[in-house]
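Chemist: One structure, pasted below without further comment.
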Amino acid sequence: MPWASPKALIGMVHLRALPGSPSSALTIGEIACKAAGEARILAEAGFDAVMIENMHDRPYVHGRQGPEVVAAMTAAGIAVRQELARVGLGSVPLGVQVLSGGSREALAVALACGGSFVRVENFVFAHVADEGLLERAEAGPLLRYRRVIGAEHIRVLCDVKKKHASHAITADVTIAEAAQAAAFFGADGVIVTGPATGRPAEASDVAAVRGAVALPVLVGSGVTPETVEALFEHADALIVGSACKQDGVWCNELDHARVAALARAAERARGATGGGA
């Protein structure tokens, strides 16, 4: 993986609403500046990687994203890279997620701003999500696009049984089987989540996926300082957003004390599991 630690902590930077979205209120420059500051706080606290995501663009439009989204996220990614380099943390990897279903756009943004990985929610199988029917798995077109643009060094980390979705149409496919399908289709890592943002993943799901694939296994929701050590028993990395915010609510400002508590918990857990860098 792009990060050095075998037990990594990845901090999510939720970009303020981008131009064109219902909650948009800031200029691209202001959004980029805010993202850079939050990424610096996470990296200085000891997080092993950071991600940018347009979480505030709700309600999401699934599929191809507008050029304004790509432009704004590229500006934010470049600002993050420059700020981390300015404070001597330029080696901290950067990831990109574009909601919803903007996986090609995420690859393009990552390539333009020096990103190392992207998060993809609909890599294999179909889903019925809160933004509608996600009927087409993205693996085939996405990995071909990655090759076409020369971005094969950018890792594709994909959710299995994605959050904010119903899985009735794949109820006969276990989460372990979904992870195996993702591995067969060329994912670089798989992400296990709870049912929604900030909701914890089931420990049994993480263990089942760990036992099913040789790929890196990540947990992508509901991580808290109290659960870090147990999750690191089966997971290689933890993506944290909500728990870094005031009152543990994803749309609030970063809470420095919470950020520090997560970093300390990860450091303790690495010692307990023998997963130091």
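Every chain in the structure tokens has a letter given in the order shown (A, B, ...), and although residue numbers restart at 1 in each chain, ligands are simply numbered from 1 in the order shown.
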For range 145-160 of chain A, work out the shell of residues within 6 Å, counting only C-alpha atoms and skipping chain neighbours fewer than 3 positions away, then give it as a ChimeraX atom specification.

Modeler: /A:116-121,142,187-191

Chemist: Taking only range 32-147 of chain A into account, list the residues labelled alpha helix (DSSP H) by DSSP (computed from the backbone), as a VMD selection string.

Modeler: chain A and resid 32 to 45 67 to 86 103 to 113 139 to 147

Chemist: Interatomic distance between CA of Gly115 in chain A and CA of Leu94 in chain A?

Modeler: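 CA of Leu94 in chain A lies at a distance of 4.7 Å from CA of Gly115 in chain A.
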
Chemist: Give me the residues within 12 Å of Lys162 in chain A as a PyMOL selection string, counting only C-alpha atoms and dropping any in the same chain fewer than 6 places off.

Modeler: chain A and resi 100-101+119-130+134+170+175+178-179+190-197+201+219-221

Chemist: For a quick check of understanding, using only C-alpha atoms, which of A:Gly222, A:Gly132, A:Pro216, A:Pro59 has the smallest distance to Pro200 in chain A?

Modeler: A:Gly222

Chemist: Report the distance between CA of Met12 in chain A and CA of Glu177 in chain A in Å, rounded to one decimal place.

Modeler: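 So the answer is 27.4 Å.
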
Chemist: Just give me the gap between CA of Arg16 in chain A and CA of Asp57 in chain A in Å, one decimal is fine.

Modeler: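 Answer for the CA of Arg16 in chain A to CA of Asp57 in chain A separation: 7.8 Å.
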
Chemist: Counting only C-alpha atoms, give me one row per residue of range 68-155 of chain A with an atom at most 6 Å from an atom of range 25-44 of chain A, showing the shortest contact pair and its distance in Å to one decimal, sorted by chain then residue number, as JSON lines.

Modeler:
{"residue": "A:Ala72", "atom": "CA", "partner": "A:Ile28", "partner_atom": "CA", "distance": 5.8}
{"residue": "A:Ala76", "atom": "CA", "partner": "A:Ala32", "partner_atom": "CA", "distance": 4.0}
{"residue": "A:Ala79", "atom": "CA", "partner": "A:Ala36", "partner_atom": "CA", "distance": 5.6}
{"residue": "A:Val80", "atom": "CA", "partner": "A:Ala36", "partner_atom": "CA", "distance": 4.2}
{"residue": "A:Glu83", "atom": "CA", "partner": "A:Ala36", "partner_atom": "CA", "distance": 5.9}
{"residue": "A:Leu84", "atom": "CA", "partner": "A:Arg40", "partner_atom": "CA", "distance": 6.0}

Chemist: With C-alpha atoms retained, could you export that selection as a PDB file, in the first residue's frame?

Modeler:
ATOM      1  CA  ALA A  72     -12.545  21.855  -7.576  1.00  0.00           C
ATOM      2  CA  ALA A  76      -8.158  20.886  -3.259  1.00  0.00           C
ATOM      3  CA  ALA A  79      -3.509  22.463  -2.072  1.00  0.00           C
ATOM      4  CA  VAL A  80      -3.295  19.489   0.285  1.00  0.00           C
ATOM      5  CA  GLU A  83       0.588  22.228   2.391  1.00  0.00           C
ATOM      6  CA  LEU A  84       1.872  18.826   3.504  1.00  0.00           C
TER       7      LEU A  84
END

Chemist: Considering only C-alpha atoms, return as a list in words whatever protein or nucleic-acid residues lie within 8 Å of Thr224 in chain A, sequence-local ones (same chain, fewer than 6 positions apart) excluded.

Modeler: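 Contacts, in chain order: Val240, Ala243 and Leu262 of chain A.
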
Chemist: Skipping near chain neighbours, those fewer than 2 positions away, what residues fall within 7 Å of Leu254 in chain A using only C-alpha atoms, listed as a PDB file with N, CA and C atoms, in the first residue's frame?

Modeler:
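part-v4.pdb, written as the output of this step:
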ATOM      1  N   CYS A 244     -13.303  12.029  14.061  1.00  0.00           N
ATOM      2  CA  CYS A 244     -12.355  13.144  14.165  1.00  0.00           C
ATOM      3  C   CYS A 244     -13.059  14.483  14.372  1.00  0.00           C
ATOM      4  N   LYS A 245     -14.381  14.501  14.274  1.00  0.00           N
ATOM      5  CA  LYS A 245     -15.123  15.753  14.283  1.00  0.00           C
ATOM      6  C   LYS A 245     -15.741  16.039  15.645  1.00  0.00           C
ATOM      7  N   GLN A 246     -16.088  17.276  15.878  1.00  0.00           N
ATOM      8  CA  GLN A 246     -16.745  17.666  17.123  1.00  0.00           C
ATOM      9  C   GLN A 246     -18.020  16.850  17.312  1.00  0.00           C
ATOM     10  N   ASN A 252     -19.362  18.316  11.243  1.00  0.00           N
ATOM     11  CA  ASN A 252     -18.817  19.322  12.157  1.00  0.00           C
ATOM     12  C   ASN A 252     -17.342  19.587  11.868  1.00  0.00           C
ATOM     13  N   HIS A 256      -9.505  18.728  17.625  1.00  0.00           N
ATOM     14  CA  HIS A 256      -8.093  18.384  17.802  1.00  0.00           C
ATOM     15  C   HIS A 256      -7.898  17.285  18.840  1.00  0.00           C
TER      16      HIS A 256
END

Chemist: Among range 89-192 of chain A, which residues carry a DSSP assignment of strand (DSSP E), reported as a PyMOL selection string?

Modeler: chain A and resi 94-97+117-120+127-129+132-134+155-159+165-166+189-192

Chemist: With only C-alpha atoms as the counted atoms, please give the residues lying no more than 9 Å from Ser23 in chain A, apart from itself and same-chain residues fewer than 3 positions off, as a PDB file with N, CA and C atoms, in the first residue's frame.

Modeler:
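Below is the file that was written, out-v6.pdb:
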ATOM      1  N   ARG A  16     -15.707  21.044   1.798  1.00  0.00           N
ATOM      2  CA  ARG A  16     -16.940  21.821   1.848  1.00  0.00           C
ATOM      3  C   ARG A  16     -17.643  21.730   0.491  1.00  0.00           C
ATOM      4  N   ALA A  17     -18.948  21.999   0.495  1.00  0.00           N
ATOM      5  CA  ALA A  17     -19.763  21.808  -0.703  1.00  0.00           C
ATOM      6  C   ALA A  17     -19.154  22.506  -1.917  1.00  0.00           C
ATOM      7  N   LEU A  18     -19.052  21.774  -2.995  1.00  0.00           N
ATOM      8  CA  LEU A  18     -18.417  22.275  -4.205  1.00  0.00           C
ATOM      9  C   LEU A  18     -19.376  23.125  -5.030  1.00  0.00           C
ATOM     10  N   PRO A  19     -18.850  23.926  -5.954  1.00  0.00           N
ATOM     11  CA  PRO A  19     -19.711  24.750  -6.803  1.00  0.00           C
ATOM     12  C   PRO A  19     -20.765  23.902  -7.523  1.00  0.00           C
ATOM     13  N   GLY A  20     -22.000  24.392  -7.507  1.00  0.00           N
ATOM     14  CA  GLY A  20     -23.086  23.702  -8.172  1.00  0.00           C
ATOM     15  C   GLY A  20     -23.913  22.820  -7.270  1.00  0.00           C
ATOM     16  N   HIS A  56     -19.978  16.829   1.367  1.00  0.00           N
ATOM     17  CA  HIS A  56     -20.974  17.879   1.577  1.00  0.00           C
ATOM     18  C   HIS A  56     -21.815  18.164   0.328  1.00  0.00           C
ATOM     19  N   ASP A  57     -21.588  17.430  -0.753  1.00  0.00           N
ATOM     20  CA  ASP A  57     -22.340  17.668  -1.988  1.00  0.00           C
ATOM     21  C   ASP A  57     -23.691  16.958  -2.025  1.00  0.00           C
ATOM     22  N   ARG A  58     -24.165  16.513  -0.892  1.00  0.00           N
ATOM     23  CA  ARG A  58     -25.472  15.847  -0.834  1.00  0.00           C
ATOM     24  C   ARG A  58     -26.591  16.777  -1.278  1.00  0.00           C
TER      25      ARG A  58
END

Chemist: Measuring between only C-alpha atoms, which one of A:Cys113, A:Ile169, A:Ala176, A:Ala266 shows the shortest distance to Gly211 in chain A?

Modeler: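 Once distances to Gly211 in chain A are computed over only C-alpha atoms, the minimum belongs to A:Ala176.
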
Chemist: For Asn54 in chain A, work out the shell of residues within 7 Å, counting only C-alpha atoms and skipping chain neighbours fewer than 5 positions away, then give it as a compact mmCIF listing (two decimals) with C-alpha atoms, in the first residue's frame.

Modeler:
# COMPACT_ATOMS: atom_id res chain seq x y z
CA HIS A 14 -14.70 16.18 3.88
CA LEU A 15 -14.46 19.02 1.38
CA ALA A 17 -19.76 21.81 -0.70
CA VAL A 98 -15.79 11.42 -5.72
CA LEU A 99 -19.41 10.91 -4.72

Chemist: Pick out the closest residue to Ala181 in chain A from this set: A:Arg86, A:His62, A:Arg144, A:Lys161. Count only C-alpha atoms.

Modeler: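 Selected residue with least distance to Ala181 in chain A: A:Lys161.
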
Chemist: Considering only C-alpha atoms, state which residue in the set A:Pro2, A:Arg268, A:Arg64, A:Ala8 is at the smallest distance from Val217 in chain A.

Modeler: A:Ala8

Chemist: Counting only C-alpha atoms, which of A:Ala75, A:Ala269, A:Ala4, A:Val70 gets nearest to Ala106 in chain A?

Modeler: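 Between A:Ala75, A:Ala269, A:Ala4, A:Val70, the residue approaching Ala106 in chain A most closely is A:Val70.
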